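These notes are about the structure you will find just below.
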Amino acid sequence: MIRFILADLRRLWLGALVVVLLVALAVALSVTVTLQERSLRLGSARAADKFDLVVGAAGSETQLVLSSVFLQPSPLPLMEGEVLARLANDPRVAWAAPIGFGDSFNGFPIVGTTTALVANLSAGLQEGRVFMTEGQAVVGSAVSLALGAEIKPMHGAPGEGGHTHGELAYTVSGRLKSTGTAWDRAILVPIQAVWHIHGLGHDDGTEGKVVAATSGQEKPQSEHDHDHASGSESNHDHASHDHSGHGHFASPSQDHDHEAHNHSAHADAPIVEDWDHDVPGLPAILVKPKTIADAYKLRQEYRSGTTVGVFPGEVLTRLYATLGDARLVLFAVATGSQVLVAASLLLVTVLHIGQRRRQIGALRAFGAPRAALFSIVWLELLCLIGTGVILGFLMGYGASMAIARVLAGESGIVFPVTFIGQDVLLAAIILGFAAILAAIPAALAYRQSPAAALRA
């Protein structure tokens, strides 16, 4: 029986190949949708696991998480800098790391932050050391820069009127170990250097206080923000209309003659991470609470009129709901394509059985039992469909891997593509449906009489 089936498939190899490819493409579509949706969930969840709480100015919680955790370029409103001082001195906080955006280098975002975030972002450094002066930088594992390389920060994008800051060039001092997150493509620099480059403040050299860049006296936050168009409530409009990408501290429109500003960035200036003073406005603060209870208390406390505290996981859950709806639509389309393919296969096989009436009649005339004919036709079709299902799963896996690699290259996030028990169940359902489908033409062959077949 097996030899007869193989001989028949070799004789009709072109039609068999078409059947296998039709089934494979239909199955590959649904497998790709399923694997890719799961990959996006796992990758984004793992990327957000490192950040327990994010505090920012009142606004879109989703955009706050996308910008601060996934480093997606978008302007954020700035909150008062004194929020950082409160969090840094809060006994419920293990560490609080401010982050500042606005500059980039060769397509890699430059993020101003502190040594606390560098120390807790990955399991140590792959090479080099943490930045110790304003002119040093730590790069992510996916940043193609060697130790000692020079980084000239650019505010905005080259095609959008961006300009290169000439007052300071960073030197790569260390490289983080891989985290599988968007931070693998980030360049981390001292946040005070980001402030100073944009003219937001400088160290007065006596008590480590951040003061206004235009005078040697410390100013209140409101006056400081007014003088430098920073992130107070009066300047949120500037931040909201910064079309240069991730910039929140200054924009080309605010800086027609940026060389005229009294910037105070110095490559050899030591880093001061004492937040018991006036601090410029901030787009976001990443917070590590000491306990789960502290996390919920802090989140509630900073969900006030001017600030918002969010758990990245909660925001992702809402995004997953939207993603799940899109997946259902795509899966419905994939299922519809499979139904159309099944109908086409059924029509083709029924016509094929009609064309093979003389062959079936000859087999019956030579004494082949009806059950043998049923088995031959049924196994032949099931082998074709089963081969298509296996090939479809392989094609779907390959397509998902290719998409995941493209997304990882653009975002830095690792998107794992894996099969689970649910996929085995899907394959079993498809094969079960194929077995029922193959039984229809097999039943037609079973019911055919040898005399009528030979007369055809």
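Following the order of the structure tokens, first chain is A, next is B, and so on, with residues numbered from 1 inside each chain and ligands from 1 in the order they appear.
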Exercise: region 412-427 of chain A partners within 10 Å, only C-alpha atoms, chain neighbours under 6 positions left out, as an NGL selection string: :A and (27 or 30-32 or 34-47 or 70-71 or 140-143 or 178-186 or 386 or 389-390 or 393 or 397-398 or 400-406 or 433)
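Of the residues in region 395-429 of chain A, those that DSSP places in alpha helix (DSSP H) on the basis of the backbone are Met395, Gly396, Tyr397, Gly398, Ala399, Ser400, Met401, Ala402, Ile403, Ala404, Arg405, Val406, Leu407, Ala408, Gly409, Glu410, Ser411, Gly421, Gln422, Asp423, Val424, Leu425, Leu426, Ala427, Ala428 and Ile429 of chain A.
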Residues within 9 Å of His266 (chain A), only C-alpha atoms, excluding chain neighbours under 2 positions, as a ChimeraX atom specification: /A:133-135,167-168,193,196,264,268-270
Distance query region 103-115 of chain A at most 7 Å, only C-alpha atoms, self and fewer than 5 positions along chain excluded, as a list in words: Ala97, Pro98, Val130, Ile151, Lys152, Pro153, Met154, His155, Gly156, Arg185, Ala186, Ile187, Leu188, Val189, Pro190, Ile191, Val194 and Gly247 of chain A
For the selection you just gave me, I'd like the residues written to a file as a short mmCIF file (atom, residue, chain, number, x, y, z; two decimals), in the first residue's frame, keeping all heavy atoms.
data_model
loop_
_atom_site.label_atom_id
_atom_site.label_comp_id
_atom_site.auth_asym_id
_atom_site.auth_seq_id
_atom_site.Cartn_x
_atom_site.Cartn_y
_atom_site.Cartn_z
N ALA A 97 16.73 56.97 39.95
CA ALA A 97 17.62 57.43 38.89
C ALA A 97 16.87 58.34 37.93
O ALA A 97 15.93 57.90 37.25
CB ALA A 97 18.22 56.25 38.15
N PRO A 98 17.24 59.61 37.85
CA PRO A 98 16.63 60.50 36.86
C PRO A 98 17.13 60.14 35.47
O PRO A 98 18.25 59.63 35.31
CB PRO A 98 17.11 61.88 37.28
CG PRO A 98 18.44 61.62 37.92
CD PRO A 98 18.30 60.29 38.62
N VAL A 130 32.48 52.57 35.13
CA VAL A 130 31.38 53.53 35.13
C VAL A 130 31.93 54.95 34.93
O VAL A 130 33.06 55.25 35.32
CB VAL A 130 30.60 53.44 36.46
CG1 VAL A 130 29.45 54.44 36.49
CG2 VAL A 130 30.07 52.03 36.66
N ILE A 151 32.36 60.62 21.39
CA ILE A 151 30.94 60.78 21.07
C ILE A 151 30.61 62.26 21.09
O ILE A 151 30.72 62.93 22.11
CB ILE A 151 30.06 60.04 22.10
CG1 ILE A 151 30.36 58.55 22.09
CG2 ILE A 151 28.58 60.28 21.81
CD1 ILE A 151 29.68 57.79 23.21
N LYS A 152 30.20 62.77 19.93
CA LYS A 152 29.78 64.16 19.84
C LYS A 152 28.25 64.18 19.79
O LYS A 152 27.65 63.81 18.77
CB LYS A 152 30.36 64.82 18.60
CG LYS A 152 31.88 64.97 18.67
CD LYS A 152 32.42 65.71 17.45
CE LYS A 152 33.94 65.89 17.55
NZ LYS A 152 34.48 66.59 16.37
N PRO A 153 27.60 64.58 20.87
CA PRO A 153 26.14 64.52 20.92
C PRO A 153 25.47 65.48 19.95
O PRO A 153 25.92 66.61 19.76
CB PRO A 153 25.82 64.90 22.37
CG PRO A 153 27.00 65.72 22.82
CD PRO A 153 28.19 65.16 22.09
N MET A 154 24.43 64.99 19.33
CA MET A 154 23.64 65.83 18.42
C MET A 154 22.24 66.00 19.01
O MET A 154 21.61 65.03 19.44
CB MET A 154 23.54 65.18 17.04
CG MET A 154 22.49 65.85 16.14
SD MET A 154 22.47 65.26 14.44
CE MET A 154 23.89 66.13 13.79
N HIS A 155 21.79 67.23 19.05
CA HIS A 155 20.43 67.50 19.53
C HIS A 155 19.50 67.43 18.34
O HIS A 155 19.63 68.18 17.37
CB HIS A 155 20.35 68.88 20.17
CG HIS A 155 18.99 69.13 20.80
ND1 HIS A 155 18.67 68.72 22.06
CD2 HIS A 155 17.89 69.74 20.30
CE1 HIS A 155 17.43 69.07 22.34
NE2 HIS A 155 16.93 69.69 21.29
N GLY A 156 18.53 66.51 18.38
CA GLY A 156 17.61 66.34 17.27
C GLY A 156 18.22 65.45 16.20
O GLY A 156 19.25 64.81 16.39
N ARG A 185 21.02 49.54 23.26
CA ARG A 185 21.36 50.46 22.17
C ARG A 185 21.50 51.89 22.67
O ARG A 185 21.55 52.82 21.87
CB ARG A 185 20.30 50.42 21.08
CG ARG A 185 20.15 49.07 20.41
CD ARG A 185 19.20 49.14 19.21
NE ARG A 185 19.80 49.86 18.09
CZ ARG A 185 19.51 51.09 17.74
NH1 ARG A 185 18.62 51.80 18.45
NH2 ARG A 185 20.09 51.67 16.71
N ALA A 186 21.59 52.08 23.97
CA ALA A 186 21.65 53.43 24.54
C ALA A 186 23.08 53.79 24.92
O ALA A 186 23.91 52.93 25.19
CB ALA A 186 20.74 53.52 25.76
N ILE A 187 23.32 55.09 24.92
CA ILE A 187 24.58 55.65 25.42
C ILE A 187 24.24 56.40 26.70
O ILE A 187 23.50 57.38 26.68
CB ILE A 187 25.21 56.59 24.39
CG1 ILE A 187 25.52 55.84 23.09
CG2 ILE A 187 26.48 57.23 24.95
CD1 ILE A 187 26.00 56.74 21.96
N LEU A 188 24.78 55.93 27.83
CA LEU A 188 24.47 56.51 29.13
C LEU A 188 25.56 57.49 29.52
O LEU A 188 26.75 57.16 29.52
CB LEU A 188 24.34 55.41 30.19
CG LEU A 188 23.01 54.66 30.25
CD1 LEU A 188 22.72 53.92 28.96
CD2 LEU A 188 23.00 53.68 31.41
N VAL A 189 25.13 58.71 29.87
CA VAL A 189 26.06 59.76 30.27
C VAL A 189 25.56 60.39 31.57
O VAL A 189 24.40 60.22 31.94
CB VAL A 189 26.18 60.84 29.17
CG1 VAL A 189 26.66 60.24 27.86
CG2 VAL A 189 24.85 61.56 28.96
N PRO A 190 26.42 61.10 32.29
CA PRO A 190 25.96 61.77 33.52
C PRO A 190 24.87 62.78 33.20
O PRO A 190 25.00 63.58 32.28
CB PRO A 190 27.23 62.46 34.04
CG PRO A 190 28.36 61.71 33.42
CD PRO A 190 27.87 61.28 32.07
N ILE A 191 23.81 62.75 33.97
CA ILE A 191 22.70 63.65 33.68
C ILE A 191 23.10 65.11 33.90
O ILE A 191 22.57 66.01 33.25
CB ILE A 191 21.46 63.28 34.51
CG1 ILE A 191 20.24 64.04 33.96
CG2 ILE A 191 21.67 63.57 36.00
CD1 ILE A 191 18.92 63.54 34.46
N VAL A 194 24.22 66.45 30.68
CA VAL A 194 23.10 66.78 29.79
C VAL A 194 22.51 68.12 30.18
O VAL A 194 22.21 68.96 29.33
CB VAL A 194 22.04 65.67 29.85
CG1 VAL A 194 20.81 66.04 29.01
CG2 VAL A 194 22.61 64.34 29.37
N GLY A 247 14.07 65.16 22.50
CA GLY A 247 14.54 66.31 23.24
C GLY A 247 13.50 66.90 24.14
O GLY A 247 12.36 67.09 23.74
#
Using the chain letters and numbers from this document, which residues of region 51-192 of chain A does DSSP assign to strand (DSSP E), as a ChimeraX atom specification? /A:53-57,93-105,108-113,125-128,136-139,150-151,154-155,163-164,170-176,187-190
Choose the residue, out of A:Pro312, A:Pro369, A:Gly100, A:Gly392, that has the smallest atom-to-atom separation from Ala284 (chain A); count only C-alpha atoms.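 Looking at the shortest contact to Ala284 (chain A), the residue is A:Gly100.
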Which residues, written as a VMD selection string, have at least one atom at most 7 Å from Phe131 (chain A), with only C-alpha atoms counted and residues fewer than 6 positions away on the same chain left out? chain A and resid 137 to 138 173
